[in-house]
Structure formats: structure tokens, C-alpha cells
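*Asks:* Dropping a structure here in C-alpha cells format, bear with me for questions.
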Amino acid sequence: MSDPFDLGDIPEEETARGPSISERAAAGVAAPTPYLDSLNGPQRQAVEALDGPVLVLAGAGTGKTRVLTTRLAHVLNTKRAWPGQILAVTFTNKAAREMKQRIGALIGGVVEGMQWLGTFHALGAKILRRHAELVDLRSDFTILDADDQVRLMKQIIKAADIDEKRWPARQLANLIDSWKNRALAPDQVPKGESFAFANGKGAELYAAYQARLKTLNAVDFGDLLVENLRIFQEHPEVLEDYQQRFKYILVDEYQDTNVAQYLWLRLLARGHKNICCVGDDDQSIYGWRGAEVDNILKFEKDFPGATVVRLEQNYRSTPHILQAASGLITANEGRLGKTLWTDANDGEKLTVRGVWDGEEEARTIGEDIEQFQRKDHQLNEMAILVRASFQMREFEDRFINLGLPYRVIGGPRFYERLEIRDANAYFRLVAQPDDDLAFERIINKPKRGLGNVAVQTLHQAARAQGTSLWRAARPLIESEELKPQARRALTIFVESIERWRQLMPALPHTELAEQILDESGYTEMWQNDKSADAPGRLDNLKELVRSMEQFENLAGYLEHVSLVMDREDQEADDKINLMTLHAAKGLEFETVFLPGWEEGLFPHQRALDESGLAGLEEERRLAYVGITRAKQRAKISFAANRRIHNLWQNSLPSRFIDELPETNVEVESQGDTYSYGPSRFDEGGFAGSEYSSPGWQRAKAKAGNHATPPRRAPMIDAQATLIATSAPDAEGFERGERIFHQKFGYGCIQDIEGTKLTVEFEKAGTKKVIASFVERP
DNA sequence: TGCGGGATTTTTTTT
DNA sequence: AAATCCCGCA
């Protein structure tokens, strides 16, 4: 990583206002533009509309990335701007990488000087480091991750003498995040929302948290943008500098921007007004993270005179897939509206299959995959897209069993592993002395006799002197406050850190890293650990040191860790892809399996409970994203029974299934095909006569008038339809009573706790089940 | 100070 | 079922 304060390789004279002589001259010469020839009409329009604000509504599979990169190449090629004068923002690091790569391919060679291409957070961090002192930070500030954030929050809550059980830190963190997403400072938090935590202490705690961050010389993710905004607002001259610098602004996935990001963009775009946002309102699936679909819906109002281009020709999927997806999404209100079309042949209909439980679902999908495999289909071209990650497990089990290779995309992240975080804490403390959270994390890892007592003493000393733990440690060693044993341990610890710190300029950072891990005893700690995962952890540490090579120094590495949570995935081998629907956005596969389409799971109950209609619509967009990932075929399934937290629940098919247009769907059922009708899955259609039993009737009654939904009309006429299968009750069951359960048969109630029954079944053994799913024989 | 066992809870989605 | 957290005990 080069000098973070380097403004980039813009020749002096080019930063001046107005077009330069060479620019004016260049404008007269038609630069060769071969890359335009392969674009369709609207795509070309989106690329060539260089002046003023542009909104590109790019439906799924319409060549969005292509337009973005070509547009960028076009700006460069026509010499409208230098690489350093283009701000290109993406949401994920993957997208940023990809864009960089593709531009390189377009204009030939590596892209030099595109230093303002990155994620919102990476760019925010870059700007913040250059002006840190304007908001009471030093430029070597630490970026806290979610875990650090919560730990800090815990301390704040404890300090305010609030019951941590009743008001969990996690919740406060989420709340503060949501405020930062909307660019609200502590004093701007609406009264009512402040009451969402600890009886009105929300804003107060937020303020305390911010103050604490400042003393730690730290920021959290949200701050990367909010502090930018503060700088821009309080120092117009700084803002103006950037406004002039960025002649062209490009934004990917605009539908996912939150309010803070929107404000950030709007401020920066005010200079040259050449902002181009690409997005798809139908693919907005991050509302829970603060994304405002509204941003894209009101673009034309925010940027007067905007050109709006719609990309509607789809190059990915078959007509059946597109029509099914389009049919589904029309149930949403407040869309900008697009009609995807394609030249392709009809292809296969979507399939819908009902199965007994999750296990059977995994089994049948496994069989399907093996069958495709026999027909020479690539595993790489198949994906299973689940709503929630817990669903992955059954598939993994099954695949391991079958010996089918698979990969999980977006699984547990490397940098979030315990041992990696510990190692990073060592590095952080060496590089950033005042990083108290790092200090606390490793002071007694490995155990060196510095437990709670010592840490508390340190804390008190630090607070008394108004300084960091690190700075408080030295005087403490000189004093008599600690027990001799602890005092000795602390001395060794402090001296080690100091030694490493001195080595920093002299030693290559990978060697330093190795030395730190060795001399601190951290490696040894895992070597002595007898548990099964210890060797794996040691491997990860090695891998960590290896991966540090690609950075210039420790600081560069640390910046990367905090901002880039993902790692390049190895996509070389032929494997089945397993991921959540969220992780699937932007990807495409020949065959897509969509399991778990059940009320309560998809749409997810919590989305409905917390966000009502808006939540339902977002879930529907998620379904839309899922279907449109498919190039050739999409196979939907749902189970009648599912185990959640070790409780068996039975479930209804997702309402989304009935929202699919009939003509594009074929119903599959173990071997034979059922005739398709509006109520095919109700009234005991798919799995036999058990479904007319009282328990089924009761479950159905709870689902409101869901039974025969009017085709195409969204089912949100009554609040009741938003509630699927929650809130059961143990009405009138008694211990010892004989009952019947759909899945397990007859049994005897052993125990009742709230709505859960412990039942000893005659055939299935003892299970916990939810009361509403058992009935009297 | 550190460990073990029991109680308790669970992530839906992630830069 | 599993992981985490907390408390009490050695």
C-alpha cells in the first residue's frame, strides 16, 4: 500500500477548473471506441451519457457490470478524466476487485491510478485518515469490528449501571448502527427511538460510546462514513477539494445505499454533477442493514435533469425463469417497473416439489445433482440457495455422505476466527499502542498470570490518568500496586511489546509477525492444546502469516483486515455451490435449487414481525433474486416438517409459491406429477390425507385466510395474513396425556414448559415438540 | 485464578 | 443439538 496521503498521479495542471487545452483538443478528435460496438441500444446509451446525473435501472442479468466498466473505460478513453479523478463505489470488495480487473481488460493492461475505486467503507476510511485530526482522531486510528464493538458496548452499559441481561449489548450495537446508517449524531436521535433501549438511555449511551471511541482513537464501521460527513459539513474547503477532484462518480448497487451513503454521494456529486448510479430496485435485499430503496426511487428528484436508462434485455435466463420471476415480483408495490425480456428459447419450466422434511429435501436434491452429473453437467454450474445458513447443514451432511464435493460461499470468515483475531490483536497493539481492546484481548493469552484482578487495576489506573491501558501499564510496573507475580508478568509483557515495536521499522513485517507469535507464547499455547481443532488453528496462523506477504507493511495489512472481511475464494475445482440467497446476489448458475420455501422460513417470520409489509416485500425481492440467478432451470422445494432449534414444527408452503404464474411452473412429486391448481398444496394435496387432521386444521386457522389465496393479488388484505405459524399455546394439555403428532405418531406427555411439550413417543423416543402441533387422538 | 458443569439461548440476511 | 455464558467451587 503506497502512501495513504498521496492524492494520486494527477498532473498539476489537470486539477485546475475547466477543460484544459489538451482536453479541449482531445474532444475534437474521435477516439476509437471499439468496445461500444458490442453493446445493445440502452447499454450504449448508459455508457455514452457522460454529462450530468444518470440512473441506470439494470434488471437481473442485463449486463450491468459490463455497462459500468465500459462506461468507466469510455471516460478514460475519451480523456474526460484521469483515473485519479474518478470515484467508483461498490458495496463489496469482490465487486471492486472484479471491476478493477475488467477495466484493465478493456483498456489493456493494469489500471494504474484508480485509487478511488473501492467500497464505501474503504473509501470512507481513506478520506478519514487524511483528515482525522478534524474530528479528534489521529490518522492511525483503529477500525473496530463488530466483536470489538459489542465488547466496548458491554463496558459502557456496565459503567452506566444498567442490567446487561435485560438490555443486551448486541441490541445497543444494532441500534447505534441503525442511527449511524441514517447519519444521526447522538443529539439527533429521535426521543422515541432513544427509548428503545434502557428506558430512554439510548442516546445517552450512544454519546458515551462515541466519547469512548475517541479516547481509544478508534472508529467503528458506521463512523467511516458518518465522520466523513462531519468533515464535509464542518470544513467546506475540504469538501470542495473532493468535489472538484471527482469529475465522474460511479455507484454500483445503488439500491443498497443507506442514508449516510446517500448523503455522502450527494455532497461529493455536487461539484461536477456527473454521477451515474446503477441499481435494481427489485434486488434491494439489505433493508435490515439500513438500505433505503427510497434512494433509488427518488433519484430523479434528488438529481434534477437525470437521464434514466432501463436495461431490460436479459442475457442470462430462459423465458420461463424470467416470467416466473417477473410474475412474482409484480406483487410488490412501489416499484420503478421493468419488464425483462430475452431472445432465448423457452427452456424448462420451474419445478416445485413438496417433501416430508428437511432430510428428504436434501436427499432428493442430492439425487437430482447426481443425475445432472451423470448427464455431464458441471457441479460448478449448480447452486443451492438457502434463506438462512442453518439450512446448509442438512445439505452438507448429505453431500459428505454422497461424496459430492461442495463449497460454501460466504461461510464463516477467515478473519473472524478466534486465533486470527488474537494474532491480529497482538499486531494491533504493536502498531497502535492505545488500542485498549487489543490490549485486553491478549494480555492473558496465553495465560501469564494476568487475570481479572490485574486487568481491573490497570483499568483503574488508566481511567485515573485519562490514558490508555498501555500507557498506564508502565507506571504500574514501577509501583507496588500489583502482586509481585503479576508485576513480573506485566513487566515481561510490556517489554516484549516494546521490543517488537522497535523492530517494526527494521524487520519485514511477516518476520516480525512470526516472531511475535512465537515469542509471546501464542503459538506454543495451541501446540500444547490437546483439543481437536488446535492443529487447524495452527494452520490458520501459518496461513495468516503467509497472506501478510502481499502487503507492504503491518499498517497496510491491518487496514485490509478491518475493511476486507472476505478472502478470494478458490473457484478452480468443480464443486456444488452452497450459499444464502443474500450471498448469491450478482452470481449466476445453470441450475439453481431453492429449498425451504415455507411460511415462516421464507418469507422469514422475523422479517414479517419486525417490518410487516415492507419486510414481506423484501422477502419477495429475495425470492426474485433467487430465481433470477438461474440460467437454465430453477427447482423450488418445501418441506412439511422442519426441525428448528431441535423442535419439530410443521409448516405451510410459502405464499411465494402460489404467486408464481402457473404457466411457468411444473409440480413435481416423488415420481409423478400433480395437476396444478390454485390450492394444490392446501387441503391435503401433496402429501396424503394426514393433512385434514385437526392439528392441520388448527395450523391452517392460525395462518389466517391463507388457504386459497387469490391469484396474483397480494395477500396483505389483513394483518392476520402476515402471521404464519408463530405463537402456539399449550392449551389444556396435561402431563401424562396421550397425544398424536404428525411426524412421530402417538406418545405420552412427560413435561410441559410454556408452549413446549416433552413427549415420550411410542416409536420415536422422547422429543420436544410445540404444543399446537400435537392433538388428542 | 482457573476450571467445570449447569443453565440458557440461538443468526436471517453482512459492509 | 450445539454453543455460549455464567456462576460456583477448588
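Ligands are numbered from 1 in the order shown, residues from 1 within each chain, and chains are lettered A, B, ... in the order they appear in the C-alpha cells.
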Residues of chain C no more than 12 Å from chain A, counting only C-alpha atoms (C1' of nucleotides): send them over as a compact mmCIF listing (two decimals) with N, CA, C and O atoms (P, O5', C5', C4', C3', O3' and C1' of nucleotides), in the first residue's frame.
*Replies:*
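Final output, iface_28.txt:
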```txt
# COMPACT_ATOMS: atom_id res chain seq x y z
P DA C 1 -30.88 -34.18 20.30
O5' DA C 1 -29.99 -32.97 19.70
C5' DA C 1 -29.69 -33.03 18.34
C4' DA C 1 -28.56 -32.09 18.02
C3' DA C 1 -27.27 -32.27 18.82
O3' DA C 1 -26.18 -32.01 17.93
C1' DA C 1 -28.15 -30.12 19.24
P DA C 2 -24.67 -31.93 18.51
O5' DA C 2 -24.55 -30.35 18.69
C5' DA C 2 -24.64 -29.52 17.54
C4' DA C 2 -24.29 -28.10 17.95
C3' DA C 2 -22.98 -27.99 18.73
O3' DA C 2 -22.23 -26.93 18.19
C1' DA C 2 -24.74 -27.01 19.96
P DC C 5 -20.56 -15.74 24.85
O5' DC C 5 -21.34 -15.62 26.22
C5' DC C 5 -22.76 -15.78 26.26
C4' DC C 5 -23.17 -16.11 27.68
C3' DC C 5 -22.28 -15.46 28.74
O3' DC C 5 -23.09 -14.82 29.70
C1' DC C 5 -22.45 -17.78 29.14
P DC C 6 -22.44 -13.71 30.67
O5' DC C 6 -22.90 -14.27 32.08
C5' DC C 6 -24.12 -15.00 32.19
C4' DC C 6 -24.00 -15.98 33.34
C3' DC C 6 -23.19 -15.42 34.51
O3' DC C 6 -24.00 -15.43 35.67
C1' DC C 6 -22.46 -17.63 33.94
```
*Asks:* Tell me, which residues of region 77-313 of chain A carry DSSP strand (DSSP E or B), written as a PyMOL selection string?
*Replies:* chain A and resi 86-90+117-119+142-143+218-219+248-251+258+275-279+291+307-311+313
*Asks:* Given the selection you just returned, output its residues as a file containing C-alpha atoms, formatted as a JSON list (two decimals), in the first residue's frame.
*Replies:*
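Written file, out_9.json:
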```json
[["chain", "number", "residue", "atom", "x", "y", "z"],
["A", 86, "ILE", "CA", -13.00, 9.04, -10.95],
["A", 87, "LEU", "CA", -14.78, 7.91, -7.83],
["A", 88, "ALA", "CA", -16.11, 4.40, -8.27],
["A", 89, "VAL", "CA", -18.01, 2.90, -5.37],
["A", 90, "THR", "CA", -19.11, -0.65, -4.82],
["A", 117, "LEU", "CA", -12.23, 2.65, -6.68],
["A", 118, "GLY", "CA", -13.41, 0.71, -3.67],
["A", 119, "THR", "CA", -16.17, 0.03, -1.21],
["A", 142, "THR", "CA", -8.17, 1.65, 14.69],
["A", 143, "ILE", "CA", -11.22, 0.33, 12.90],
["A", 218, "ALA", "CA", -10.95, 4.23, 17.19],
["A", 219, "VAL", "CA", -13.92, 4.22, 14.88],
["A", 248, "TYR", "CA", -17.04, 11.38, -12.52],
["A", 249, "ILE", "CA", -18.78, 9.34, -9.88],
["A", 250, "LEU", "CA", -19.94, 5.81, -10.43],
["A", 251, "VAL", "CA", -22.03, 3.84, -7.97],
["A", 258, "ASN", "CA", -28.26, 3.77, 3.24],
["A", 275, "ILE", "CA", -22.91, 10.89, -11.09],
["A", 276, "CYS", "CA", -24.01, 7.60, -12.52],
["A", 277, "CYS", "CA", -25.83, 5.18, -10.28],
["A", 278, "VAL", "CA", -26.55, 1.66, -11.34],
["A", 279, "GLY", "CA", -29.04, -0.46, -9.50],
["A", 291, "ALA", "CA", -30.51, 0.26, 2.89],
["A", 307, "THR", "CA", -31.14, 10.65, -17.56],
["A", 308, "VAL", "CA", -32.80, 7.34, -16.75],
["A", 309, "VAL", "CA", -31.82, 4.30, -18.74],
["A", 310, "ARG", "CA", -33.51, 0.95, -18.39],
["A", 311, "LEU", "CA", -31.67, -2.22, -19.21],
["A", 313, "GLN", "CA", -32.83, -7.32, -22.23]]
```
*Asks:* Only residues of chain A matter here; which ones have an atom within 8 Å of chain B, counting only C-alpha atoms (C1' of nucleotides)? Give them as a list in words.
*Replies:*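 Using only C-alpha atoms (C1' of nucleotides), chain A residues at most 8 Å from chain B: Phe91, Thr92, His121, Phe221, Tyr286, Trp288, Arg289, Arg387, Ala388, Ser389, Gly449, Gly451, His582, His604, Arg606 and His645 of chain A.
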*Asks:* Go through A:Asp539, A:Glu549, A:Asp435, A:Asp609 and flag the residue nearest Leu213 (chain A), using only C-alpha atoms for the distances.
*Replies:*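 Once distances to Leu213 (chain A) are computed over only C-alpha atoms, the minimum belongs to A:Asp435.
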*Asks:* CA of Glu98 (chain A) and CA of Pro42 (chain A) are how many Å apart?
*Replies:* 22.7 Å
*Asks:* What parts of region 64-98 of chain A does DSSP call helix (DSSP H, G or I)? I'd like the answer as a PDB file with all heavy atoms, in the first residue's frame.
*Replies:*
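Just written: part-v2.pdb:
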```pdb
ATOM      1  N   LYS A  64     -25.177  -5.422 -16.364  1.00  0.00           N
ATOM      2  CA  LYS A  64     -24.922  -4.266 -15.536  1.00  0.00           C
ATOM      3  C   LYS A  64     -23.439  -3.974 -15.354  1.00  0.00           C
ATOM      4  O   LYS A  64     -22.974  -2.856 -15.589  1.00  0.00           O
ATOM      5  CB  LYS A  64     -25.575  -4.495 -14.163  1.00  0.00           C
ATOM      6  CG  LYS A  64     -25.341  -3.398 -13.196  1.00  0.00           C
ATOM      7  CD  LYS A  64     -25.668  -3.873 -11.794  1.00  0.00           C
ATOM      8  CE  LYS A  64     -24.605  -4.842 -11.328  1.00  0.00           C
ATOM      9  NZ  LYS A  64     -24.622  -5.034  -9.869  1.00  0.00           N
ATOM     10  N   THR A  65     -22.716  -4.987 -14.966  1.00  0.00           N
ATOM     11  CA  THR A  65     -21.293  -4.785 -14.700  1.00  0.00           C
ATOM     12  C   THR A  65     -20.572  -4.368 -15.972  1.00  0.00           C
ATOM     13  O   THR A  65     -19.671  -3.536 -15.962  1.00  0.00           O
ATOM     14  CB  THR A  65     -20.661  -6.083 -14.163  1.00  0.00           C
ATOM     15  OG1 THR A  65     -21.509  -6.601 -13.149  1.00  0.00           O
ATOM     16  CG2 THR A  65     -19.306  -5.811 -13.584  1.00  0.00           C
ATOM     17  N   ARG A  66     -21.031  -4.925 -17.050  1.00  0.00           N
ATOM     18  CA  ARG A  66     -20.447  -4.599 -18.340  1.00  0.00           C
ATOM     19  C   ARG A  66     -20.613  -3.108 -18.628  1.00  0.00           C
ATOM     20  O   ARG A  66     -19.679  -2.430 -19.056  1.00  0.00           O
ATOM     21  CB  ARG A  66     -21.187  -5.416 -19.391  1.00  0.00           C
ATOM     22  CG  ARG A  66     -20.695  -5.170 -20.757  1.00  0.00           C
ATOM     23  CD  ARG A  66     -20.684  -6.492 -21.500  1.00  0.00           C
ATOM     24  NE  ARG A  66     -20.065  -6.325 -22.790  1.00  0.00           N
ATOM     25  CZ  ARG A  66     -20.663  -6.721 -23.905  1.00  0.00           C
ATOM     26  NH1 ARG A  66     -21.847  -7.290 -23.863  1.00  0.00           N
ATOM     27  NH2 ARG A  66     -20.042  -6.558 -25.047  1.00  0.00           N
ATOM     28  N   VAL A  67     -21.820  -2.611 -18.395  1.00  0.00           N
ATOM     29  CA  VAL A  67     -22.077  -1.203 -18.637  1.00  0.00           C
ATOM     30  C   VAL A  67     -21.202  -0.337 -17.741  1.00  0.00           C
ATOM     31  O   VAL A  67     -20.588   0.634 -18.189  1.00  0.00           O
ATOM     32  CB  VAL A  67     -23.565  -0.885 -18.404  1.00  0.00           C
ATOM     33  CG1 VAL A  67     -23.797   0.605 -18.275  1.00  0.00           C
ATOM     34  CG2 VAL A  67     -24.395  -1.460 -19.532  1.00  0.00           C
ATOM     35  N   LEU A  68     -21.144  -0.712 -16.478  1.00  0.00           N
ATOM     36  CA  LEU A  68     -20.338   0.060 -15.531  1.00  0.00           C
ATOM     37  C   LEU A  68     -18.884   0.148 -15.962  1.00  0.00           C
ATOM     38  O   LEU A  68     -18.299   1.237 -16.016  1.00  0.00           O
ATOM     39  CB  LEU A  68     -20.392  -0.623 -14.164  1.00  0.00           C
ATOM     40  CG  LEU A  68     -21.344  -0.059 -13.140  1.00  0.00           C
ATOM     41  CD1 LEU A  68     -21.384  -0.937 -11.912  1.00  0.00           C
ATOM     42  CD2 LEU A  68     -20.900   1.342 -12.750  1.00  0.00           C
ATOM     43  N   THR A  69     -18.327  -0.988 -16.278  1.00  0.00           N
ATOM     44  CA  THR A  69     -16.908  -0.989 -16.612  1.00  0.00           C
ATOM     45  C   THR A  69     -16.666  -0.313 -17.953  1.00  0.00           C
ATOM     46  O   THR A  69     -15.697   0.420 -18.116  1.00  0.00           O
ATOM     47  CB  THR A  69     -16.351  -2.422 -16.641  1.00  0.00           C
ATOM     48  OG1 THR A  69     -17.200  -3.232 -17.435  1.00  0.00           O
ATOM     49  CG2 THR A  69     -16.291  -3.004 -15.255  1.00  0.00           C
ATOM     50  N   THR A  70     -17.560  -0.546 -18.906  1.00  0.00           N
ATOM     51  CA  THR A  70     -17.372   0.080 -20.207  1.00  0.00           C
ATOM     52  C   THR A  70     -17.476   1.591 -20.081  1.00  0.00           C
ATOM     53  O   THR A  70     -16.721   2.348 -20.686  1.00  0.00           O
ATOM     54  CB  THR A  70     -18.425  -0.427 -21.208  1.00  0.00           C
ATOM     55  OG1 THR A  70     -18.460  -1.840 -21.182  1.00  0.00           O
ATOM     56  CG2 THR A  70     -18.079   0.032 -22.616  1.00  0.00           C
ATOM     57  N   ARG A  71     -18.405   2.021 -19.280  1.00  0.00           N
ATOM     58  CA  ARG A  71     -18.565   3.460 -19.082  1.00  0.00           C
ATOM     59  C   ARG A  71     -17.278   4.062 -18.517  1.00  0.00           C
ATOM     60  O   ARG A  71     -16.809   5.113 -18.961  1.00  0.00           O
ATOM     61  CB  ARG A  71     -19.735   3.712 -18.135  1.00  0.00           C
ATOM     62  CG  ARG A  71     -20.061   5.181 -17.958  1.00  0.00           C
ATOM     63  CD  ARG A  71     -21.212   5.364 -16.986  1.00  0.00           C
ATOM     64  NE  ARG A  71     -21.206   6.717 -16.477  1.00  0.00           N
ATOM     65  CZ  ARG A  71     -21.929   7.692 -16.979  1.00  0.00           C
ATOM     66  NH1 ARG A  71     -22.736   7.462 -17.997  1.00  0.00           N
ATOM     67  NH2 ARG A  71     -21.861   8.902 -16.489  1.00  0.00           N
ATOM     68  N   LEU A  72     -16.737   3.371 -17.560  1.00  0.00           N
ATOM     69  CA  LEU A  72     -15.501   3.842 -16.955  1.00  0.00           C
ATOM     70  C   LEU A  72     -14.375   3.898 -17.988  1.00  0.00           C
ATOM     71  O   LEU A  72     -13.636   4.891 -18.092  1.00  0.00           O
ATOM     72  CB  LEU A  72     -15.111   2.879 -15.828  1.00  0.00           C
ATOM     73  CG  LEU A  72     -14.983   3.524 -14.465  1.00  0.00           C
ATOM     74  CD1 LEU A  72     -15.130   2.520 -13.367  1.00  0.00           C
ATOM     75  CD2 LEU A  72     -13.643   4.208 -14.394  1.00  0.00           C
ATOM     76  N   ALA A  73     -14.287   2.830 -18.750  1.00  0.00           N
ATOM     77  CA  ALA A  73     -13.259   2.788 -19.784  1.00  0.00           C
ATOM     78  C   ALA A  73     -13.481   3.916 -20.784  1.00  0.00           C
ATOM     79  O   ALA A  73     -12.528   4.535 -21.263  1.00  0.00           O
ATOM     80  CB  ALA A  73     -13.296   1.435 -20.496  1.00  0.00           C
ATOM     81  N   HIS A  74     -14.738   4.190 -21.079  1.00  0.00           N
ATOM     82  CA  HIS A  74     -15.082   5.242 -22.027  1.00  0.00           C
ATOM     83  C   HIS A  74     -14.636   6.609 -21.514  1.00  0.00           C
ATOM     84  O   HIS A  74     -14.082   7.413 -22.260  1.00  0.00           O
ATOM     85  CB  HIS A  74     -16.589   5.213 -22.269  1.00  0.00           C
ATOM     86  CG  HIS A  74     -17.018   6.036 -23.449  1.00  0.00           C
ATOM     87  ND1 HIS A  74     -16.434   5.913 -24.694  1.00  0.00           N
ATOM     88  CD2 HIS A  74     -17.964   7.002 -23.564  1.00  0.00           C
ATOM     89  CE1 HIS A  74     -17.014   6.767 -25.536  1.00  0.00           C
ATOM     90  NE2 HIS A  74     -17.942   7.448 -24.869  1.00  0.00           N
ATOM     91  N   VAL A  75     -14.881   6.864 -20.264  1.00  0.00           N
ATOM     92  CA  VAL A  75     -14.447   8.129 -19.672  1.00  0.00           C
ATOM     93  C   VAL A  75     -12.938   8.283 -19.809  1.00  0.00           C
ATOM     94  O   VAL A  75     -12.433   9.338 -20.208  1.00  0.00           O
ATOM     95  CB  VAL A  75     -14.836   8.201 -18.176  1.00  0.00           C
ATOM     96  CG1 VAL A  75     -14.171   9.393 -17.496  1.00  0.00           C
ATOM     97  CG2 VAL A  75     -16.345   8.287 -18.020  1.00  0.00           C
ATOM     98  N   LEU A  76     -12.235   7.217 -19.517  1.00  0.00           N
ATOM     99  CA  LEU A  76     -10.778   7.266 -19.585  1.00  0.00           C
ATOM    100  C   LEU A  76     -10.313   7.402 -21.031  1.00  0.00           C
ATOM    101  O   LEU A  76      -9.444   8.216 -21.351  1.00  0.00           O
ATOM    102  CB  LEU A  76     -10.182   6.000 -18.967  1.00  0.00           C
ATOM    103  CG  LEU A  76     -10.377   5.853 -17.460  1.00  0.00           C
ATOM    104  CD1 LEU A  76      -9.896   4.493 -16.993  1.00  0.00           C
ATOM    105  CD2 LEU A  76      -9.640   6.966 -16.725  1.00  0.00           C
ATOM    106  N   ASN A  77     -10.920   6.626 -21.879  1.00  0.00           N
ATOM    107  CA  ASN A  77     -10.504   6.581 -23.275  1.00  0.00           C
ATOM    108  C   ASN A  77     -10.719   7.912 -23.990  1.00  0.00           C
ATOM    109  O   ASN A  77      -9.918   8.317 -24.822  1.00  0.00           O
ATOM    110  CB  ASN A  77     -11.271   5.461 -23.981  1.00  0.00           C
ATOM    111  CG  ASN A  77     -10.698   5.161 -25.352  1.00  0.00           C
ATOM    112  OD1 ASN A  77      -9.483   5.038 -25.493  1.00  0.00           O
ATOM    113  ND2 ASN A  77     -11.554   5.062 -26.341  1.00  0.00           N
ATOM    114  N   PRO A  83      -7.570   8.750 -14.289  1.00  0.00           N
ATOM    115  CA  PRO A  83      -8.026   7.693 -13.372  1.00  0.00           C
ATOM    116  C   PRO A  83      -8.249   8.212 -11.954  1.00  0.00           C
ATOM    117  O   PRO A  83      -9.220   7.838 -11.296  1.00  0.00           O
ATOM    118  CB  PRO A  83      -6.879   6.679 -13.414  1.00  0.00           C
ATOM    119  CG  PRO A  83      -6.252   6.857 -14.745  1.00  0.00           C
ATOM    120  CD  PRO A  83      -6.404   8.320 -15.078  1.00  0.00           C
ATOM    121  N   GLY A  84      -7.358   9.087 -11.502  1.00  0.00           N
ATOM    122  CA  GLY A  84      -7.487   9.588 -10.141  1.00  0.00           C
ATOM    123  C   GLY A  84      -8.641  10.557  -9.942  1.00  0.00           C
ATOM    124  O   GLY A  84      -8.886  11.023  -8.829  1.00  0.00           O
ATOM    125  N   GLN A  85      -9.344  10.878 -11.000  1.00  0.00           N
ATOM    126  CA  GLN A  85     -10.473  11.817 -10.869  1.00  0.00           C
ATOM    127  C   GLN A  85     -11.814  11.110 -10.936  1.00  0.00           C
ATOM    128  O   GLN A  85     -12.852  11.745 -11.062  1.00  0.00           O
ATOM    129  CB  GLN A  85     -10.390  12.867 -11.984  1.00  0.00           C
ATOM    130  CG  GLN A  85      -9.161  13.747 -11.849  1.00  0.00           C
ATOM    131  CD  GLN A  85      -9.000  14.675 -13.033  1.00  0.00           C
ATOM    132  OE1 GLN A  85      -9.082  14.252 -14.184  1.00  0.00           O
ATOM    133  NE2 GLN A  85      -8.787  15.955 -12.753  1.00  0.00           N
ATOM    134  N   ASN A  93     -16.021  -5.927  -1.565  1.00  0.00           N
ATOM    135  CA  ASN A  93     -14.655  -5.908  -2.055  1.00  0.00           C
ATOM    136  C   ASN A  93     -14.532  -6.739  -3.314  1.00  0.00           C
ATOM    137  O   ASN A  93     -13.751  -6.431  -4.190  1.00  0.00           O
ATOM    138  CB  ASN A  93     -13.733  -6.456  -0.974  1.00  0.00           C
ATOM    139  CG  ASN A  93     -13.778  -5.579   0.257  1.00  0.00           C
ATOM    140  OD1 ASN A  93     -13.273  -4.476   0.224  1.00  0.00           O
ATOM    141  ND2 ASN A  93     -14.412  -6.047   1.313  1.00  0.00           N
ATOM    142  N   LYS A  94     -15.342  -7.767  -3.362  1.00  0.00           N
ATOM    143  CA  LYS A  94     -15.315  -8.634  -4.529  1.00  0.00           C
ATOM    144  C   LYS A  94     -15.689  -7.835  -5.773  1.00  0.00           C
ATOM    145  O   LYS A  94     -15.023  -7.927  -6.809  1.00  0.00           O
ATOM    146  CB  LYS A  94     -16.316  -9.771  -4.312  1.00  0.00           C
ATOM    147  CG  LYS A  94     -16.082 -10.945  -5.209  1.00  0.00           C
ATOM    148  CD  LYS A  94     -16.967 -12.097  -4.768  1.00  0.00           C
ATOM    149  CE  LYS A  94     -17.452 -12.864  -5.986  1.00  0.00           C
ATOM    150  NZ  LYS A  94     -18.741 -13.487  -5.740  1.00  0.00           N
ATOM    151  N   ALA A  95     -16.742  -7.062  -5.658  1.00  0.00           N
ATOM    152  CA  ALA A  95     -17.186  -6.259  -6.793  1.00  0.00           C
ATOM    153  C   ALA A  95     -16.107  -5.264  -7.194  1.00  0.00           C
ATOM    154  O   ALA A  95     -15.873  -5.027  -8.379  1.00  0.00           O
ATOM    155  CB  ALA A  95     -18.484  -5.537  -6.441  1.00  0.00           C
ATOM    156  N   ALA A  96     -15.436  -4.688  -6.209  1.00  0.00           N
ATOM    157  CA  ALA A  96     -14.383  -3.722  -6.504  1.00  0.00           C
ATOM    158  C   ALA A  96     -13.235  -4.393  -7.252  1.00  0.00           C
ATOM    159  O   ALA A  96     -12.739  -3.860  -8.254  1.00  0.00           O
ATOM    160  CB  ALA A  96     -13.872  -3.093  -5.211  1.00  0.00           C
ATOM    161  N   ARG A  97     -12.847  -5.553  -6.754  1.00  0.00           N
ATOM    162  CA  ARG A  97     -11.782  -6.303  -7.420  1.00  0.00           C
ATOM    163  C   ARG A  97     -12.144  -6.599  -8.867  1.00  0.00           C
ATOM    164  O   ARG A  97     -11.368  -6.383  -9.782  1.00  0.00           O
ATOM    165  CB  ARG A  97     -11.580  -7.640  -6.702  1.00  0.00           C
ATOM    166  CG  ARG A  97     -10.570  -7.624  -5.580  1.00  0.00           C
ATOM    167  CD  ARG A  97     -10.116  -9.032  -5.253  1.00  0.00           C
ATOM    168  NE  ARG A  97     -11.196  -9.960  -4.956  1.00  0.00           N
ATOM    169  CZ  ARG A  97     -11.690 -10.143  -3.746  1.00  0.00           C
ATOM    170  NH1 ARG A  97     -11.243  -9.444  -2.732  1.00  0.00           N
ATOM    171  NH2 ARG A  97     -12.656 -11.011  -3.534  1.00  0.00           N
ATOM    172  N   GLU A  98     -13.367  -7.107  -9.006  1.00  0.00           N
ATOM    173  CA  GLU A  98     -13.808  -7.509 -10.326  1.00  0.00           C
ATOM    174  C   GLU A  98     -13.803  -6.321 -11.285  1.00  0.00           C
ATOM    175  O   GLU A  98     -13.381  -6.421 -12.428  1.00  0.00           O
ATOM    176  CB  GLU A  98     -15.209  -8.101 -10.220  1.00  0.00           C
ATOM    177  CG  GLU A  98     -15.646  -8.872 -11.436  1.00  0.00           C
ATOM    178  CD  GLU A  98     -17.055  -9.411 -11.275  1.00  0.00           C
ATOM    179  OE1 GLU A  98     -17.348  -9.939 -10.180  1.00  0.00           O
ATOM    180  OE2 GLU A  98     -17.856  -9.285 -12.216  1.00  0.00           O
TER     181      GLU A  98
END
```
*Asks:* Report the distance between CA of Ile321 (chain A) and CA of Ala383 (chain A) in Å, rounded to one decimal place.
*Replies:*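 That distance, rounded to one decimal, is 15.5 Å.
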